[in-house]
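Here is data-v4.cif, consisting of mmCIF, C-alpha atoms:
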```
data_model
loop_
_atom_site.label_atom_id
_atom_site.label_comp_id
_atom_site.auth_asym_id
_atom_site.auth_seq_id
_atom_site.Cartn_x
_atom_site.Cartn_y
_atom_site.Cartn_z
CA MET A 1479 -33.69 -16.34 10.93
CA PHE A 1480 -30.76 -14.68 9.11
CA SER A 1481 -28.42 -14.88 12.09
CA SER A 1482 -29.05 -18.63 12.44
CA LEU A 1483 -28.50 -19.03 8.70
CA ALA A 1484 -25.19 -17.18 8.96
CA LEU A 1485 -24.21 -19.41 11.90
CA LEU A 1486 -25.04 -22.50 9.86
CA ILE A 1487 -22.89 -21.25 6.96
CA MET A 1488 -19.96 -20.58 9.30
CA LEU A 1489 -20.32 -24.01 10.89
CA SER A 1490 -20.44 -25.76 7.51
CA LEU A 1491 -17.28 -23.90 6.47
CA GLN A 1492 -15.53 -25.13 9.61
CA VAL A 1493 -16.70 -28.69 9.02
CA ALA A 1494 -15.77 -28.71 5.35
CA SER A 1495 -12.27 -27.32 5.87
CA PRO A 1496 -10.86 -28.66 9.11
CA GLY A 1497 -7.37 -27.44 9.88
CA ALA A 1498 -7.34 -25.09 6.93
CA GLU A 1499 -4.74 -22.43 7.60
CA LEU A 1500 -2.89 -19.69 5.80
CA GLN A 1501 0.10 -20.85 3.82
CA THR A 1502 2.67 -18.72 2.08
CA THR A 1503 4.19 -20.17 -1.06
CA PRO A 1504 7.78 -19.25 -2.04
CA ARG A 1505 6.38 -17.26 -4.96
CA GLU A 1506 4.13 -15.26 -2.61
CA LEU A 1507 6.99 -14.77 -0.18
CA ILE A 1508 9.19 -13.20 -2.89
CA ARG A 1509 6.29 -11.06 -4.10
CA ASN A 1510 5.34 -9.94 -0.59
CA GLN A 1511 8.90 -8.88 0.27
CA THR A 1512 8.99 -6.68 -2.83
CA LYS A 1513 5.55 -5.23 -2.08
CA ILE A 1514 6.65 -4.39 1.46
CA LYS A 1515 9.79 -2.67 0.17
CA ILE A 1516 7.74 -0.63 -2.33
CA GLN A 1517 5.29 0.35 0.42
CA GLN A 1518 8.21 1.37 2.65
CA ASN A 1519 9.62 3.55 -0.14
CA ILE A 1520 6.23 5.20 -0.63
CA ALA A 1521 5.92 5.87 3.11
CA GLU A 1522 9.46 7.25 3.41
CA THR A 1523 9.06 9.61 0.45
CA GLN A 1524 5.53 10.69 1.37
CA GLN A 1525 6.59 13.99 2.93
CA VAL A 1526 8.87 14.92 0.02
CA ARG A 1527 6.11 13.98 -2.41
CA GLU A 1528 3.61 16.22 -0.64
CA GLU A 1529 6.05 19.11 -0.56
CA LYS A 1530 6.82 18.72 -4.25
CA GLN A 1531 3.14 18.52 -5.10
CA GLN A 1532 2.48 21.72 -3.12
CA GLU A 1533 5.37 23.41 -4.88
CA PHE A 1534 3.98 22.23 -8.23
CA GLN A 1535 0.53 23.60 -7.43
CA SER A 1536 1.84 26.98 -6.25
CA ARG A 1537 4.04 27.30 -9.36
CA LEU A 1538 1.08 26.35 -11.49
CA GLN A 1539 -0.88 29.31 -10.10
CA LEU A 1540 1.76 31.68 -11.49
CA ILE A 1541 1.07 30.52 -15.04
CA GLU A 1542 -1.57 32.67 -16.70
CA ASN A 1543 -2.20 30.58 -19.78
CA GLU A 1544 -5.09 28.19 -18.92
CA ARG A 1545 -4.22 25.80 -21.75
CA GLN A 1546 -0.67 25.41 -20.43
CA LYS A 1547 -1.99 24.94 -16.90
CA ASN A 1548 -4.21 22.07 -18.02
CA ILE A 1549 -1.42 20.43 -20.00
CA LEU A 1550 0.95 20.66 -17.03
CA GLU A 1551 -1.57 19.16 -14.64
CA ASN A 1552 -2.28 16.34 -17.03
CA LEU A 1553 1.42 15.75 -17.64
CA ASN A 1554 2.21 15.74 -13.93
CA ASN A 1555 -0.45 13.12 -13.25
CA ARG A 1556 0.74 10.93 -16.13
CA PHE A 1557 4.36 11.39 -15.07
CA GLU A 1558 3.72 10.01 -11.60
CA THR A 1559 1.46 7.23 -12.86
CA VAL A 1560 3.95 6.01 -15.47
CA ALA A 1561 6.74 5.97 -12.85
CA LYS A 1562 4.55 3.99 -10.43
CA ASN A 1563 3.41 1.52 -13.09
CA MET A 1564 6.95 1.05 -14.30
CA LEU A 1565 8.23 0.35 -10.80
CA GLU A 1566 5.53 -2.26 -10.18
CA HIS A 1567 5.92 -3.86 -13.61
CA TYR A 1568 9.70 -4.18 -13.35
CA ALA A 1569 9.57 -5.38 -9.74
CA ASN A 1570 7.08 -8.03 -10.78
CA ALA A 1571 9.27 -9.10 -13.70
CA LEU A 1572 12.29 -9.45 -11.39
CA ASP A 1573 10.26 -11.50 -8.90
CA ARG A 1574 9.17 -13.80 -11.72
CA LEU A 1575 12.78 -14.17 -12.92
CA THR A 1576 13.88 -15.01 -9.35
CA TYR A 1577 11.23 -17.67 -9.07
CA ILE A 1578 12.00 -19.13 -12.51
CA LEU A 1579 15.69 -19.23 -11.60
CA ASP A 1580 14.86 -21.10 -8.37
CA LYS A 1581 12.98 -23.67 -10.44
CA LEU A 1582 15.88 -23.95 -12.87
CA GLU A 1583 18.23 -24.55 -9.96
CA THR A 1584 15.97 -27.33 -8.72
CA LYS A 1585 16.10 -28.82 -12.22
CA ALA A 1586 19.92 -28.62 -12.13
CA ASP A 1587 19.87 -30.51 -8.81
CA VAL A 1588 17.78 -33.24 -10.43
CA LEU A 1589 20.16 -33.51 -13.40
CA GLU A 1590 23.15 -33.64 -11.05
CA GLN A 1591 21.58 -36.52 -9.17
CA GLY A 1592 21.37 -38.27 -12.55
CA GLU A 1593 25.17 -38.03 -12.87
CA GLN A 1594 25.08 -35.08 -15.30
CA ASP A 1595 27.79 -32.40 -15.17
CA VAL A 1596 26.12 -29.16 -14.13
CA ALA A 1597 29.20 -27.16 -13.07
CA GLU A 1598 28.78 -24.66 -15.92
CA ILE A 1599 25.11 -24.26 -15.06
CA ARG A 1600 25.93 -23.55 -11.41
CA VAL A 1601 28.19 -20.69 -12.52
CA SER A 1602 25.48 -19.31 -14.85
CA ILE A 1603 22.91 -19.52 -12.06
CA ASP A 1604 25.19 -17.51 -9.74
CA VAL A 1605 25.72 -14.90 -12.46
CA ALA A 1606 21.99 -14.63 -13.15
CA ARG A 1607 21.16 -14.40 -9.45
CA GLN A 1608 23.70 -11.61 -8.96
CA GLU A 1609 22.35 -9.69 -11.95
CA ILE A 1610 18.79 -10.00 -10.68
CA GLU A 1611 19.94 -8.80 -7.26
CA ASN A 1612 21.79 -5.81 -8.77
CA ALA A 1613 18.82 -4.86 -10.94
CA LYS A 1614 16.48 -5.16 -7.98
CA ASN A 1615 18.72 -2.94 -5.87
CA SER A 1616 18.84 -0.29 -8.58
CA LEU A 1617 15.10 -0.50 -9.02
CA LEU A 1618 14.02 -0.44 -5.38
CA GLU A 1619 16.84 1.53 -3.76
CA ASP A 1620 17.38 4.11 -6.48
CA PHE A 1621 14.56 4.41 -9.00
CA GLY A 1622 11.91 3.45 -6.42
CA THR A 1623 13.00 6.06 -3.87
CA LYS A 1624 12.72 9.00 -6.26
CA VAL A 1625 9.71 11.27 -6.32
CA TYR A 1626 8.45 11.87 -9.82
CA VAL A 1627 6.69 15.23 -9.68
CA LEU A 1628 7.32 17.86 -12.35
CA GLU A 1629 9.26 20.97 -11.34
CA VAL A 1630 7.70 23.97 -13.01
CA ASP A 1631 9.81 26.91 -14.11
CA GLU A 1632 7.85 29.65 -15.89
CA ASN A 1633 10.92 30.63 -17.88
CA ASN A 1634 11.59 28.19 -20.72
CA LEU A 1635 8.60 26.16 -19.59
CA GLY A 1636 8.41 23.77 -22.54
CA GLN A 1637 12.14 23.14 -22.71
CA ASN A 1638 12.31 22.61 -18.96
CA ILE A 1639 9.51 20.06 -18.86
CA ARG A 1640 10.79 18.22 -21.94
CA GLY A 1641 14.18 18.04 -20.23
CA GLN A 1642 12.67 16.43 -17.11
CA ILE A 1643 10.81 13.87 -19.20
CA ALA A 1644 13.98 13.12 -21.15
CA ASN A 1645 15.85 12.56 -17.86
CA PHE A 1646 13.11 10.26 -16.63
CA LYS A 1647 13.25 8.29 -19.88
CA GLN A 1648 17.01 7.99 -19.57
CA GLU A 1649 16.77 6.72 -15.98
CA SER A 1650 14.09 4.20 -16.83
CA ASN A 1651 16.03 2.99 -19.87
CA ALA A 1652 19.06 2.38 -17.64
CA ILE A 1653 16.93 0.28 -15.27
CA LYS A 1654 15.35 -1.53 -18.19
CA LEU A 1655 18.80 -2.42 -19.52
CA GLU A 1656 19.83 -3.89 -16.17
CA ILE A 1657 16.66 -5.97 -15.98
CA SER A 1658 17.09 -7.01 -19.60
CA ASN A 1659 20.63 -8.25 -18.82
CA ALA A 1660 19.32 -10.20 -15.83
CA ARG A 1661 16.60 -11.70 -18.02
CA ASN A 1662 19.15 -12.71 -20.65
CA SER A 1663 21.23 -14.42 -17.96
CA VAL A 1664 18.22 -16.45 -16.83
CA GLY A 1665 17.64 -17.30 -20.50
CA GLU A 1666 21.20 -18.61 -20.75
CA VAL A 1667 20.66 -20.90 -17.75
CA LEU A 1668 17.51 -22.19 -19.40
CA ASP A 1669 19.34 -22.86 -22.69
CA LEU A 1670 22.18 -24.68 -20.92
CA LEU A 1671 19.76 -26.88 -19.01
CA LYS A 1672 17.85 -27.72 -22.18
CA GLU A 1673 21.10 -28.62 -23.92
CA ILE A 1674 22.16 -30.96 -21.10
CA GLU A 1675 18.74 -32.53 -20.85
CA ASN A 1676 18.61 -33.14 -24.62
CA ASN A 1677 22.13 -34.61 -24.67
CA GLY A 1678 21.30 -36.89 -21.76
CA GLN A 1679 18.32 -38.44 -23.53
CA MET B 349 -62.33 -20.94 1.22
CA ASP B 350 -60.23 -17.88 2.03
CA ASN B 351 -58.65 -19.69 4.97
CA LYS B 352 -57.60 -22.53 2.60
CA LYS B 353 -55.95 -20.06 0.23
CA VAL B 354 -54.08 -18.38 3.06
CA HIS B 355 -52.97 -21.76 4.38
CA ARG B 356 -51.76 -22.86 0.93
CA GLY B 357 -49.87 -19.59 0.43
CA PHE B 358 -48.25 -19.89 3.82
CA SER B 359 -47.15 -23.49 3.11
CA LEU B 360 -45.70 -22.39 -0.22
CA ILE B 361 -43.63 -19.68 1.48
CA ILE B 362 -42.34 -22.17 4.10
CA MET B 363 -41.41 -24.60 1.29
CA MET B 364 -39.56 -21.87 -0.58
CA ILE B 365 -37.62 -20.89 2.55
CA ILE B 366 -36.62 -24.53 3.15
CA VAL B 367 -35.48 -24.94 -0.48
CA LEU B 368 -33.50 -21.69 -0.20
CA ILE B 369 -31.76 -22.87 2.99
CA ILE B 370 -30.87 -26.20 1.36
CA LEU B 371 -29.49 -24.42 -1.70
CA VAL B 372 -27.41 -22.00 0.38
CA LEU B 373 -26.02 -24.75 2.60
CA GLY B 374 -25.28 -27.02 -0.35
CA GLY B 375 -23.56 -24.24 -2.24
CA THR B 376 -21.54 -23.25 0.82
CA ILE B 377 -20.33 -26.80 1.45
CA LEU B 378 -19.37 -27.24 -2.23
CA PHE B 379 -17.56 -23.91 -2.31
CA SER B 380 -15.70 -24.55 0.93
CA SER B 381 -14.53 -27.97 -0.21
CA PHE B 382 -13.37 -26.35 -3.45
CA LEU B 383 -11.41 -23.83 -1.41
CA ASN B 384 -9.96 -26.62 0.67
CA ASN B 385 -8.74 -28.44 -2.42
CA SER B 386 -6.89 -25.51 -3.91
CA ASP B 387 -4.62 -22.78 -2.77
CA LEU B 388 -7.26 -20.22 -3.72
CA LYS B 389 -8.18 -19.70 -0.07
CA THR B 390 -4.59 -18.79 0.73
CA GLN B 391 -4.46 -16.37 -2.17
CA ILE B 392 -7.79 -14.75 -1.28
CA SER B 393 -6.88 -14.45 2.40
CA SER B 394 -3.42 -13.02 1.82
CA ARG B 395 -4.77 -10.54 -0.73
CA ALA B 396 -7.49 -9.46 1.66
CA LEU B 397 -4.96 -9.05 4.46
CA GLN B 398 -2.61 -6.94 2.40
CA ASN B 399 -5.32 -5.16 0.47
CA LEU B 400 -3.62 -6.12 -2.77
CA PRO B 401 -5.38 -5.77 -6.08
CA SER B 402 -6.46 -8.95 -7.83
CA PRO B 403 -4.10 -10.06 -10.58
CA SER B 404 -4.92 -8.58 -13.92
CA ALA B 405 -4.97 -10.56 -17.13
CA THR B 406 -1.41 -9.57 -17.98
CA SER B 407 1.06 -12.38 -18.16
CA GLU B 408 3.37 -10.71 -15.63
CA ASN B 409 0.77 -11.02 -12.92
CA ARG B 410 -0.05 -14.65 -13.57
CA ASP B 411 1.27 -17.05 -10.99
CA ILE B 412 4.08 -19.29 -12.06
CA SER B 413 3.45 -23.00 -11.75
CA ASP B 414 5.58 -25.17 -9.50
CA SER B 415 6.67 -27.28 -12.43
CA THR B 416 10.36 -27.81 -13.18
CA ASP B 417 9.56 -28.98 -16.71
CA LEU B 418 11.85 -26.96 -18.97
CA ASP B 419 9.19 -26.37 -21.62
CA VAL B 420 6.83 -24.97 -18.98
CA LEU B 421 9.60 -22.81 -17.50
CA GLU B 422 10.57 -21.59 -20.96
CA ALA B 423 6.97 -20.52 -21.63
CA GLU B 424 6.89 -18.71 -18.30
CA PHE B 425 10.23 -17.09 -19.07
CA GLU B 426 8.93 -15.87 -22.45
CA ASP B 427 5.88 -14.46 -20.66
CA THR B 428 8.11 -12.34 -18.44
CA THR B 429 8.42 -9.23 -20.57
CA ILE B 430 9.84 -5.86 -19.65
CA ASP B 431 8.50 -3.84 -22.56
CA GLY B 432 5.33 -1.83 -22.75
CA PHE B 433 6.21 1.72 -21.75
CA GLU B 434 7.22 3.08 -25.14
CA MET B 435 3.71 4.35 -25.80
CA ASP B 436 3.62 6.10 -22.40
CA PHE B 437 6.86 7.93 -23.17
CA SER B 438 5.64 8.91 -26.63
CA LYS B 439 2.48 10.39 -25.10
CA LEU B 440 4.44 12.27 -22.44
CA GLU B 441 6.85 13.65 -25.02
CA GLU B 442 4.05 14.50 -27.43
CA THR B 443 2.10 16.35 -24.74
CA ALA B 444 5.20 18.17 -23.49
CA SER B 445 5.95 19.33 -27.03
CA THR B 446 2.68 21.31 -27.05
CA LEU B 447 3.83 23.53 -24.16
#
```

For the structure just supplied, provide its representation as structure tokens.
Amino acid sequence: MFSSLALLIMLSLQVASPGAELQTTPRELIRNQTKIKIQQNIAETQQVREEKQQEFQSRLQLIENERQKNILENLNNRFETVAKNMLEHYANALDRLTYILDKLETKADVLEQGEQDVAEIRVSIDVARQEIENAKNSLLEDFGTKVYVLEVDENNLGQNIRGQIANFKQESNAIKLEISNARNSVGEVLDLLKEIENNGQ
Amino acid sequence: MDNKKVHRGFSLIIMMIIVLIILVLGGTILFSSFLNNSDLKTQISSRALQNLPSPSATSENRDISDSTDLDVLEAEFEDTTIDGFEMDFSKLEETASTL
């Protein structure tokens, strides 16, 4: 009874969607390439991550104060999670900017076909594309290949950990600045296109 | 008398099964034609293949439309934010300061 029902459902799906096949949109293609790169980074740094985690755990055992132990464990988990979330968030933002820039370029093509001068826009698009590329390289090849696990030193524990978090903040601010510059460049392309479109009307 | 009751009950069960089959088939056909008319099937399939999480409600994860309308693109550009980690850093720093 149930097997025949399942067969009927499968048949009706086939009938209702003939020739349906997987398609990859440009947006998905950009996103998938980034995801693959992130996965590669995770795989390549897996051994180092495990070693650092083991080192963290063995160092943790040397600390006698239970309260400090708990804080360190909590901090270490948050540290890794924030780094991971940041990487994904920024990668996603750069993918979106790439896709928006592609759309803006298409719009520039349309305006050019309508006899509008888009030379300045072409230059801005190239600048924006280069800045996105640079930011993406820094994010995926530098920031994304680092392993964010706390290194515990029993001497000057607090100062040491605060120093590592300060370094992490500094690194992520540098990446954020690069992405922010790329975003501003895309914004300039958008403004230029709006100006030309408004003047042309 | 008892035989009549049994017969009526049996007929009722058969009727219910038939109605259930019709409902399932109807729903399946409607759903599959809906899938066919949108790119949802592609999204579902590719996510299943790559084991990716479903997009959250955050604007960064929303798909960008294919429109080249500048107002639409501007809205999508404004949606592309890179902030949101200040609180995480504050918490990390605050917790580290208790060591």

Nearest candidate to chain B (options A:Ile1578, A:Ile1516, A:Ile1599, A:Leu1538; using only C-alpha atoms): A:Ile1578

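Using all atoms listed in the file, the nearest neighbour of B:Thr443 within the list A:Ala1569, A:Leu1671, A:Ala1561, A:Leu1550 is A:Leu1550.
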
Picked residues, the PyMOL selection byres ((chain A and resi 1584) around 12), expected as a PyMOL selection string: (chain A and resi 1577-1583+1585-1591+1596+1599-1600+1603+1668+1671) or (chain B and resi 414-418+421)

Atomic separation - atom CA of B:Leu440 relative to atom CA of A:Gln1637, Å: 13.3 Å

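Across the model, the gap from atom CA of A:Gln1532 to atom CA of A:Gln1642 is 18.1 Å.
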
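Distance cut-off 12 Å, centre (0.5, 10.9, -15.6), atoms counted all atoms listed in the file; the residues meeting this are Ile1549, Leu1550, Glu1551, Asn1552, Leu1553, Asn1554, Asn1555, Arg1556, Phe1557, Glu1558, Thr1559, Val1560, Ala1561, Lys1562, Asn1563, Met1564, Tyr1626, Val1627, Leu1628 and Ile1643 of chain A; Asp436, Phe437, Lys439, Leu440, Glu441, Thr443 and Ala444 of chain B.
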
Preceding selection exported with C-alpha atoms as a short mmCIF file (atom, residue, chain, number, x, y, z; two decimals), keeping the file's coordinate frame:
```
data_model
loop_
_atom_site.label_atom_id
_atom_site.label_comp_id
_atom_site.auth_asym_id
_atom_site.auth_seq_id
_atom_site.Cartn_x
_atom_site.Cartn_y
_atom_site.Cartn_z
CA ILE A 1549 -1.42 20.43 -20.00
CA LEU A 1550 0.95 20.66 -17.03
CA GLU A 1551 -1.57 19.16 -14.64
CA ASN A 1552 -2.28 16.34 -17.03
CA LEU A 1553 1.42 15.75 -17.64
CA ASN A 1554 2.21 15.74 -13.93
CA ASN A 1555 -0.45 13.12 -13.25
CA ARG A 1556 0.74 10.93 -16.13
CA PHE A 1557 4.36 11.39 -15.07
CA GLU A 1558 3.72 10.01 -11.60
CA THR A 1559 1.46 7.23 -12.86
CA VAL A 1560 3.95 6.01 -15.47
CA ALA A 1561 6.74 5.97 -12.85
CA LYS A 1562 4.55 3.99 -10.43
CA ASN A 1563 3.41 1.52 -13.09
CA MET A 1564 6.95 1.05 -14.30
CA TYR A 1626 8.45 11.87 -9.82
CA VAL A 1627 6.69 15.23 -9.68
CA LEU A 1628 7.32 17.86 -12.35
CA ILE A 1643 10.81 13.87 -19.20
CA ASP B 436 3.62 6.10 -22.40
CA PHE B 437 6.86 7.93 -23.17
CA LYS B 439 2.48 10.39 -25.10
CA LEU B 440 4.44 12.27 -22.44
CA GLU B 441 6.85 13.65 -25.02
CA THR B 443 2.10 16.35 -24.74
CA ALA B 444 5.20 18.17 -23.49
#
```

Option closest in space to chain A, from B:Met363, B:Lys352, B:Ile377, B:Leu371 [counting only C-alpha atoms]: B:Ile377

Result set, the PyMOL selection byres ((chain A and resi 1570) around 12) on current file, as a PyMOL selection string: (chain A and resi 1505-1506+1508-1513+1516+1563-1569+1571-1577+1610+1614+1617-1618+1657) or (chain B and resi 403+406-412+427-430)

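Closest approach to A:Ala1652 among A:Asp1620, A:Glu1542, A:Glu1666, A:Glu1632 is made by A:Asp1620 (distances from all atoms listed in the file).
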